Structures are given as structure tokens and as C-alpha cells.
Amino acid sequence: MTGADISSYPESTAVAGAPVLEVDDLHVEFRTRENVVNAVNGVSYTVNRGETLAILGESGSGKSVSAQAIMGILDTPPAVITGGGLLFEGRDLLSMSDEERRRVRGPGISMIFQDALSSLNPVYSVGFQIGEMFRAHRGVSRKEAKQRAVELMDRVRIPAAAQRVNDYPHQFSGGMRQRVMIAMAIALDPKILIADEPTTALDVTVQAQVMDLLKDLQRETGMGLVLITHDLGVVNEVADNVAVMYAGRIVERGTVDDVFSNPGHPYTEGLMNSVPQVEAKGGRLQPISGQPPNLAKIPSGCPFHPRCFRRRLGADALPGRDCADDVPPLRLVVPGREAACHYSEEVLGV
Amino acid sequence: MTDQQQADLRHDEVQAGTTTGLAAPSVDVTDARQNSLWSDAWRELKRNPLFWIGSVFGVVFLLMAMFPAVFARGADPRDCDLTNSKLPPSAEHWFGFDQQGCDYLANVVYGARNSLVIGVLAVLVVLVLGLFVGAVSGFFGGVTDSILSRITDIFYAVPFILGAIVVLRSGTLGRGVVAVAIALAAFGWMTAMRLVRSQVIAVKSSDYVAAARAMGASNRRILVRHILPNAVAPVLVYATITVGVLIAAEATLTFLGVGLQRPAISWGLQIDAGQSLLRTAPHLVLFPSIVLTVTVMAFIMLGDALRDALDPRQRS
Amino acid sequence: MGRYVARRLLLAIPVLIGASFLIFAMVYALPGDPIRALGGDRPLQPAVVAQLRDEYNLDDPLVVQYVKYLGDLVQGDLGTDFRGREVSETIAQRLPVTAKLTVVAILFETVIGIIAGVLAGIRRNGFLDNVVLISSTLIVSIPILVLAFVAQYVFGLKLGWFPIAGIGDGWYSYLLPGLVLASASLAYVARLTRTSVAENLRADYVRTARAKGLPNRNVVVRHTLRNSLIPVVTFIGADIGNLMGGAIVTESVFNLPGIGRAIFDSVRQQEGAVVVGIVTLMVFFFIFFNLVVDVLYAVLDPRIRYD
């Protein structure tokens, strides 16, 4: 390996207390031959050291796209980042060259995906694929890379790591495969780990094990964890803060305890109400009416208004706060809570 | 090309989150959805230039086989005058004359009939054999499947042309059109069998077959009403392409001397006869070659167009 | 891996036996006179007929016939032609020519086909991509018989770039026939590789490789190529059968004295034993090559090894 291949990761410019990852008003469009899809419409959040931020939303809410935009692995074309900023440890990701960006992936920010079976290359052993991180970024020899792989496999609690390092992905169970992905992701001690629906494809018991592992690793390393999911239970167990996404934008943000106990946006409210409660047995389920919007044709005004039972239109609405015409900005409603709703105070009950 | 661009569009849409990228839910492909399968396919087909080119040439070939006199401009292929031997093309006689002094246009045109008959006959036999063996093998599984699959493997071990040569050489089937068709089918049915078998196996374990069984449907009913309709699409594509392949194969076998024999009229015989005169009278090899190629190409294009139109991954 | 190879070998044996029985049945067991099968229409003296009946055990019950036939095969005795020559000798004499032709064809097919396919697959909808798609559809449709004559006429007779026939120019004589023989397969390999590469580049594990920050070179070469070649290798194995059939035509048109041409000549000369003998040998080769391809497939794709 030549010197040019070795990932020379410059001294971190992180200042204690400053956020590790800052996403500022990110906009991403998909331009296909037939239409333009507004996948991400002004997403902003920050992640600090040791913090777990959950991005909560249904499929089609833009959560995965925004994550991939941060990683820089979107297919461009057809994806285009049309606005906003991405700062990692104070460095502007969007103004970096492709090569510099590539060197941030892995040692700086890493990502794990939902389906570990299709996300791992079936023809190479897991040891090889984990070891690639070291060979590609640090220029170590194959032998040493394999050794480090075994260590990592131990660390993510894969039993008999030394024997299994030469096995292939299809020889592992779902939960073990996800651990392999985690091993690859934490190999170079990244400052941020983005987990895109890491447990959705797993059984509940395995889910719990994997989430425990992630939490423990986070405690050990102090890395920031961005957890993308649609599973309220997982968010509740694991996350510190939550950002709720709808139609490509964040509609509510706050700590998990606050948001879950007292939602400030009708969508979040609807999500909380739709979860079956053991105590409410015998009653009716309350789903949110309607369908998530087509991102090529986002409704005017507040994108949630067609499905919102609290909406105020025309004469009912306060001036400048017509749910069908005026886009509600994400604003600070009460200390520690932001929501994108004209009538958030009513939802909160303040 | 539309197929690739279509696929890319879908990929982009999936990435953008506007579709989930999953195939339509596994619903029984009979009646209602069957109609939509074919009407979707027809819409796709209409947009594909390959389909139109292939169809036009295919229809021309068909007409040539059925009404040769029209295409031959009234000339009789067997009305030969040695004084015209090997004359090159002219305004009067578009393809010139062959060694015997027979009008070559007429000969080439009349050759289409034999090719068509053999191609269609052979494909029919392939379909019947393939459907039957494949369906039985896939449906009943177990020992039946093992035995039938082994037999298929054995036939597979004999390359197509080689097998046909041996069968025809041994003379047991005779040397006519039927003989050639059967010889071709005898070593070409295996792929159809495998196609049908894999479709049957896939559908057999699906939910809607389980539902039909739970409602008391007999094996035969399940096979005919639920399973076979699903197998039709890929087999149809295969059959179309195979007509073209077998027409080419017949010409090859005849050229090699094991296919049709004189005085039958076949492109293979014409090419064989013209071989030694390539230097001096190239038109003798050229014209049957062109017509043969265009015919084969027509069927292969049609088959390709059908495949693109019926491919569930390309459909939204 | 060893178990996989052993299992494949074991499966190949019944196929070998079955195929040889199939050929045997087609010649000797179907209704009709096997003497005709061997000698065609030539008029034969009773003494010769008697000798043939003896040599090929035609008076024995079918099963015994087959066993003796198999026994002869294993010993390499493929019979004698009407001129008294051992078929096996004819084959041995002519095999090198066909071997050279096939090697040239396979080289063309794999090298040009795969490279074209990879380049086309990496840049989808690019110029090369469309060239590969269009030309492959066209070439595949042209019967090899026609292609051989056209190539011979245009590049041999008219342009004079290649010898028209025969093996007088050493390896150079094999170039044009080899290319003709490989053409349809080449087109198909290119197309298959292109589709495979394009699909694999969009696979989830390629996304993961990029997310790991691997250099683009690694992503394409290491993570995509090997996976993409898997279906191509499978195809090449099955395609060898087509190459064999095509070799008969190619050798006949270009007058190369190989075993393909021997079949052509023997058909004309009503030498049934030669035809059957060569076909049997080709079938055995085919089964053997497929075995090799199966093993290669397992080398490429570990999932198969543990099936």
C-alpha cells in the first residue's frame, strides 16, 4: 500500500462541548426523468459526544436519505444536495473533495444498515471484510488485519471468534451478522455511528441484545449514535433525544422522555396514540388516518395537514397560521422542545 | 435501451423513497391479475421497437411460407433451364439463377415453408414434452422429481446438434420434415422442462395454492388452474426464441447432410450447394443466408421484446 | 469443498453412463436396421454384413450388446470404419486441430466478452453499453452457418486478410474460424457480464463497501467483479456444447481437418461408426468440462460449497 492510501486523519478540530455532527437545513432532491422528488426538506440536528439521537419516522419520511447524504454515499445523479450544510467536528463535509470525504467514512463517521445479509458481500469471509477497514485506511498487513478482526468480533460478543473469522456471512444467524456489521463500523473508533434500522429485521430478543451491545459500545468509546428507526419501543429504551421526521422534515425535537410523555406535534401525538397499550385492552386501535405523502407532491402548507385532526383552515385559522397555506417552521415551543406546528402549544397543553 | 432505463428509473425511485421496490404482493395470477399481467405486457410491447421490427419480419416470413407464389412473383422453383445456370441477379430475376438454372428467388421463397413447418412443429413438441415433464416433476417432487431430473441431465449432456446428427444419421426416423422436427425437439426440450419445473416449484409452495388446497381443490385443478398459468410467461418467451433457433438449426443440419434431402427445398440445401461456388457465384450462398438470418432474427427479437415486457421487475 | 467436488463427481457418473446409453440406443436400439445406421445406403456384401454383425454384437440381446459396447468404450475401442481404420486413430489424428480451434474460440469468448461486458456495465447507458446491447442482439441471431460463410467471403476472399481455408498458416489459420465460432457466445457473455456488473454495482453490499470508505478501485474490482463473474462462468460451461456443434460447421466451412470436419465427411461417406464414435467422445468431454466449471463455480461462490 502506498502512502497515499493510508488514511491520514488530521487532528480533530473538535472542541469539548461542541457538537460532533451538525446538520443544518439539509435539502436533498431526486431528479428522475419523470419528476422531482423532495426527499429531504430542511433537516437540522446536532449530535454531541456520547449522545444517542433517534430519528423517528415512517418509511418514505426521508430519514435514510438524510443519513446517506451525511455519509456521502448517495447516487448523484439522480440525487442532488440542493442546500444546507454538514459539519463534522467543525469541518464542512460538503466542500470536501471526494477523496477527503472518503477518508472521513470509516474512521470519522460510519454506518450500519438494516439487512445484514444483503449488506455483507457473500463471497468474502467476515474476517476479510472486517479486516478491510484496517487494510484500506491504516495500511496494515493481512495478518494483522485478521488479528484485529478477531479482536473486534470478540468485542461485539461473537462467540468463538477465532474459529469463525474465516466463515462466510451466510453461515451466521441474523443477529450475529448484524454484530459483524457493527464490528466493521466501530473498527476505526468513529466519532459518529449511524444505525439505519439496525434491528428491524431481527427477532425481539435478538433486537434487545444488539441494542444493548450498541449502548455498551457507546459508553466505552463515547461515540455519538444516530439511531434511525420507526420502532417507538427501541427509541424509548435507548435514545436520549428524538427527532421526529415527516415528509422530509423534522416536525418535533426534544428529549425522549419529554416528547413521548407529552407530544408537541399532532403527528407525534398520533404515533403515541396508535401504539397498542396493554392497559387499554378491549378498546379500539387508533391509527393515523390517511397515507404518508408522495414526496413528489408534498401538500402545501403543513405537509401533515391532510391527516391532522387538529388542523385549522380558512376562517378557523389564526392569521398567518393557516395549516393548508402556511408552512410551520420548526420553532422553540417550550425550553428544550421544538415543534413544527402552528398550534403546538395546544397540543402540549400549555 | 428502454429496459435498462426503466430499471434505473425504478432504482432511483426506490432510493428516493417513493416506492418500496417490492414486487406486487403475491396475489394469485388467475383471472383479474392475469388480465393485468397481459395488458401491462402489451403496453410495454407496443413501446419496444424490437417488437415491431420482429413482428413485421415474422409476419412477412409467415406469409412467405403460406403464399410462396406471391413472393416468388409467379415463378416456379422447379422450372429450370440449364442455359440460365448461375446467372447473377437482374431486374427480371431478383435473385438470379442457381446451378440448375432454376429461378433462385422462387427457390428461396419456397424454402420458407419447410423451415416454418419444422420450426413450429419442433417447438410444439418441445412445449408439450417440457410442460408435461416439468409440471409432473415439479409438482410431485420426491422420487419422481429425482428420476425425471436425472433423465433431463442425461439429455442435457448431449449437445443439441450432436444428438440430432446421431438420430438422423441412424435413419430410424426417416429423413422428412417430421423426422427433422422430432430430432430437434428430442434434444431441445430440457430447457423448457427446467423452466416449467422451477415455476411450478415456486408456485407450489405459495400461499394461494395452500388456500386452494384448504378449500379442497384437487391436485389436477390446482395444477391446471393455478400453477400452469403462472408458468406460461417465461415458457412463451422461450418458445418464441426457440422457433428462431430451431429454424437455424434445421438449416445447419441440412447443410451438414443429415436434415432434409433433395428434392426438398430448404435453405440449408441451397447454402450447401452454393458453397463450392462461393468465389464465382456468391449470390447462391448470399440470398438464402440473408433470408434465413432475417427470419431467425425476427423470432429472437420478438422473444426478447416479450421477455422485457413480461419481466415483473420492469413493471411498476 | 472436497465433499462438494466428490458429490459432483459421483453425480457425473450416472450421467456419463446414461448419455452413453442414450447414444447407443439411438443407433442400435431404435426400430430399424442398425446396419443401415452404420453403413447408410451403401450396398454391402453378405460377408461384410456378417462381419459387422459380429463386431458390433448385433445378434446378442440388447443388454449384452450394451455391456459389450460399454466395455469397448472404456478400452478406447470406438469401432472401425469401412476402410478398416480404427475410429480412435482417426480421432487422435484430428483432435489437435479441433483443440486449437476451441482454445482460440474460448479465449476470444472470455477475454473480449468479459472485458466488454465489464466496461459496459460500469458505465450504464454509455456509448459502449449501447454498442454491446445492440451488437449482441444482432450477432446472436445470425446462424453460425451464415456467419462462417460471410466471414470467409468478406475477410478471406474479398479482403484477403485471413486464409480462406485450411491450416496452412499455423496459428493464424485459426483466428478467423475461432472468432466466427466464438461470436455468438462472445456476444452473450458480454451481455451477461454487463447485466451482472450493472446489477452488482447497485447491490447493498456495494453500498456498505462505500460506507466503509473503501477506495473506488477496491469497491469495483474486489467487491463487484467476483460476484459478477459467477453467472458468466456457469454460462460458459453450458455453452461449450454449442461450441462443439459450432465447431462442426466452422471446420466444414473453413476446411480445417479436425474431428468436426470428420463428422461432416463421415456423414457424407456413410461412415456411421465414425460419427457415433466422435459424438460419444464429445459428449464425454462436455460432461468433463461441466464438472470443471462446477468446481470453478464453487471456488467463486462459497455459498455453494456448503450446500
# chains A, B, ... in the order shown; residues from 1 in each chain; ligands from 1
$ residues_around --residues "Thr137 (chain C)" --least-positions-apart "3" --cutoff "10 Å" --atoms "only C-alpha atoms" --output "PyMOL selection string"
(chain B and resi 297+300-301+304) or (chain C and resi 132-134+140-142+184+187-188+191)
$ residues_around --residues "region 232-235 of chain C" --least-positions-apart "6" --cutoff "7 Å" --atoms "only C-alpha atoms" --output "MDAnalysis selection string"
chainID C and resid 189 192:193 293 297
$ atom_distance --atom1 "CA of Asp311 (chain B)" --atom2 "CA of Tyr208 (chain B)"
21.1 Å
$ residues_around --residues "Gln163 (chain A)" --least-positions-apart "5" --cutoff "12 Å" --atoms "only C-alpha atoms" --output "PyMOL selection string"
chain A and resi 125-127+146-147+149-150+153-154+158+168
$ residues_around --residues "Gly156 (chain C)" --least-positions-apart "4" --cutoff "12 Å" --atoms "only C-alpha atoms" --output "list in words"
Leu278 and Arg279 of chain B; Ala148, Phe149, Val150, Ala151, Gln152, Gly160, Trp161, Phe162, Pro163, Ile164, Ala165, Gly166, Ser173, Leu175, Leu176, Pro177, Val253 and Phe254 of chain C
$ write_last_selection --atoms "C-alpha atoms" --output "PDB file, in the first residue's frame"
ATOM      1  CA  LEU B 278     -18.631 -19.029 -53.352  1.00  0.00           C
ATOM      2  CA  ARG B 279     -15.922 -17.404 -55.372  1.00  0.00           C
TER       3      ARG B 279
ATOM      4  CA  ALA C 148     -18.937 -18.540 -41.307  1.00  0.00           C
ATOM      5  CA  PHE C 149     -19.629 -18.024 -44.985  1.00  0.00           C
ATOM      6  CA  VAL C 150     -19.908 -14.280 -44.716  1.00  0.00           C
ATOM      7  CA  ALA C 151     -16.643 -14.079 -42.794  1.00  0.00           C
ATOM      8  CA  GLN C 152     -14.927 -16.378 -45.234  1.00  0.00           C
ATOM      9  CA  GLY C 160      -7.643 -11.240 -48.145  1.00  0.00           C
ATOM     10  CA  TRP C 161      -6.807 -10.577 -44.510  1.00  0.00           C
ATOM     11  CA  PHE C 162      -7.116 -14.190 -43.483  1.00  0.00           C
ATOM     12  CA  PRO C 163      -6.575 -17.527 -45.147  1.00  0.00           C
ATOM     13  CA  ILE C 164      -9.725 -18.781 -46.767  1.00  0.00           C
ATOM     14  CA  ALA C 165      -9.392 -22.373 -45.660  1.00  0.00           C
ATOM     15  CA  GLY C 166      -7.038 -24.995 -44.316  1.00  0.00           C
ATOM     16  CA  SER C 173      -5.343 -20.016 -39.754  1.00  0.00           C
ATOM     17  CA  LEU C 175      -8.004 -16.807 -35.926  1.00  0.00           C
ATOM     18  CA  LEU C 176     -10.911 -16.178 -38.267  1.00  0.00           C
ATOM     19  CA  PRO C 177     -12.613 -19.550 -37.725  1.00  0.00           C
ATOM     20  CA  VAL C 253     -16.738 -24.245 -43.989  1.00  0.00           C
ATOM     21  CA  PHE C 254     -13.088 -23.420 -43.403  1.00  0.00           C
TER      22      PHE C 254
END
$ residues_around --residues "Ala106 (chain B)" --least-positions-apart "6" --cutoff "8 Å" --atoms "only C-alpha atoms" --output "PDB file with C-alpha atoms, in the first residue's frame"
ATOM      1  CA  PRO B  68     -44.995 -18.524 -51.715  1.00  0.00           C
ATOM      2  CA  ALA B  69     -46.333 -17.948 -55.195  1.00  0.00           C
ATOM      3  CA  PHE B  71     -43.482 -13.629 -53.145  1.00  0.00           C
ATOM      4  CA  ALA B  72     -41.885 -15.637 -55.921  1.00  0.00           C
ATOM      5  CA  ARG B  73     -43.598 -13.386 -58.449  1.00  0.00           C
ATOM      6  CA  ALA B  75     -42.051 -18.205 -60.867  1.00  0.00           C
ATOM      7  CA  ASP B  76     -41.897 -21.968 -60.383  1.00  0.00           C
ATOM      8  CA  PRO B  77     -38.870 -23.121 -58.401  1.00  0.00           C
TER       9      PRO B  77
END
$ interface_residues --of "chain A" --to "chain B" --cutoff "9 Å" --atoms "only C-alpha atoms" --output "number ranges by chain"
A: 29-34, 37-39, 59-62, 64-65, 74-75, 78-79, 294-296
$ write_last_selection --atoms "C-alpha atoms" --output "PDB file, in the first residue's frame"
ATOM      1  CA  GLU A  29     -33.781  16.225  -4.243  1.00  0.00           C
ATOM      2  CA  PHE A  30     -34.047  13.213  -6.515  1.00  0.00           C
ATOM      3  CA  ARG A  31     -34.293  14.267 -10.100  1.00  0.00           C
ATOM      4  CA  THR A  32     -35.654  11.482 -12.255  1.00  0.00           C
ATOM      5  CA  ARG A  33     -36.787  11.695 -15.840  1.00  0.00           C
ATOM      6  CA  GLU A  34     -40.401  11.861 -14.778  1.00  0.00           C
ATOM      7  CA  VAL A  37     -38.786  14.065  -5.508  1.00  0.00           C
ATOM      8  CA  ASN A  38     -38.165  16.228  -2.468  1.00  0.00           C
ATOM      9  CA  ALA A  39     -36.773  13.590  -0.205  1.00  0.00           C
ATOM     10  CA  SER A  59     -40.766   4.736   5.515  1.00  0.00           C
ATOM     11  CA  GLY A  60     -40.717   7.498   2.981  1.00  0.00           C
ATOM     12  CA  SER A  61     -40.066  10.182   5.567  1.00  0.00           C
ATOM     13  CA  GLY A  62     -36.590  10.846   4.272  1.00  0.00           C
ATOM     14  CA  SER A  64     -32.488   7.100   5.357  1.00  0.00           C
ATOM     15  CA  VAL A  65     -31.794   9.573   2.575  1.00  0.00           C
ATOM     16  CA  LEU A  74     -25.958   8.848  -2.320  1.00  0.00           C
ATOM     17  CA  ASP A  75     -26.015   8.183  -6.059  1.00  0.00           C
ATOM     18  CA  PRO A  78     -30.106  11.285  -9.518  1.00  0.00           C
ATOM     19  CA  ALA A  79     -29.725  12.633  -6.001  1.00  0.00           C
ATOM     20  CA  ASN A 294     -45.935  11.209  -2.104  1.00  0.00           C
ATOM     21  CA  LEU A 295     -42.627  13.039  -1.859  1.00  0.00           C
ATOM     22  CA  ALA A 296     -43.001  14.216  -5.418  1.00  0.00           C
TER      23      ALA A 296
END
$ closest_residue --among "A:Ser119, A:Thr76, A:Gln209, A:Thr82" --to "Met181 (chain A)" --atoms "only C-alpha atoms"
A:Ser119
$ residues_around --residues "region 272-282 of chain C" --least-positions-apart "3" --cutoff "8 Å" --atoms "only C-alpha atoms" --output "PDB file with C-alpha atoms, in the first residue's frame"
ATOM      1  CA  LEU B 162     -24.648 -33.698 -31.995  1.00  0.00           C
ATOM      2  CA  GLY B 163     -27.689 -35.538 -30.743  1.00  0.00           C
ATOM      3  CA  VAL B 166     -26.828 -39.159 -34.483  1.00  0.00           C
ATOM      4  CA  ARG B 169     -27.915 -40.420 -39.216  1.00  0.00           C
ATOM      5  CA  SER B 170     -29.232 -43.654 -37.896  1.00  0.00           C
TER       6      SER B 170
ATOM      7  CA  SER C  20     -23.579 -43.304 -23.500  1.00  0.00           C
ATOM      8  CA  ILE C  23     -26.323 -42.668 -27.863  1.00  0.00           C
ATOM      9  CA  VAL C  27     -28.032 -46.079 -33.012  1.00  0.00           C
ATOM     10  CA  ALA C  37     -27.090 -46.817 -39.226  1.00  0.00           C
ATOM     11  CA  LEU C  38     -23.529 -47.904 -39.661  1.00  0.00           C
ATOM     12  CA  GLY C  39     -23.364 -48.131 -43.399  1.00  0.00           C
ATOM     13  CA  GLY C  40     -26.160 -45.989 -44.689  1.00  0.00           C
ATOM     14  CA  LEU C  78     -14.708 -46.997 -30.814  1.00  0.00           C
ATOM     15  CA  GLY C  79     -15.036 -49.325 -33.752  1.00  0.00           C
ATOM     16  CA  THR C  80     -13.627 -49.346 -37.232  1.00  0.00           C
ATOM     17  CA  ASP C  81     -14.690 -47.551 -40.357  1.00  0.00           C
ATOM     18  CA  VAL C  87     -12.034 -44.724 -35.280  1.00  0.00           C
ATOM     19  CA  SER C  88      -9.914 -43.921 -32.267  1.00  0.00           C
ATOM     20  CA  ILE C  91      -9.831 -39.094 -33.717  1.00  0.00           C
ATOM     21  CA  MET C 244     -18.927 -28.269 -30.185  1.00  0.00           C
ATOM     22  CA  ILE C 259     -12.982 -34.000 -35.594  1.00  0.00           C
ATOM     23  CA  ALA C 262     -14.565 -35.640 -39.648  1.00  0.00           C
ATOM     24  CA  ILE C 263     -18.222 -35.776 -38.688  1.00  0.00           C
ATOM     25  CA  SER C 266     -18.335 -39.244 -42.318  1.00  0.00           C
ATOM     26  CA  VAL C 267     -21.941 -38.262 -42.742  1.00  0.00           C
ATOM     27  CA  PHE C 285     -15.650 -34.077 -22.962  1.00  0.00           C
ATOM     28  CA  PHE C 286     -18.725 -31.975 -22.421  1.00  0.00           C
TER      29      PHE C 286
END
$ closest_residue --among "B:Val296, B:Val200, B:Ala248, B:Ala309" --to "Ser137 (chain B)" --atoms "only C-alpha atoms"
B:Val200
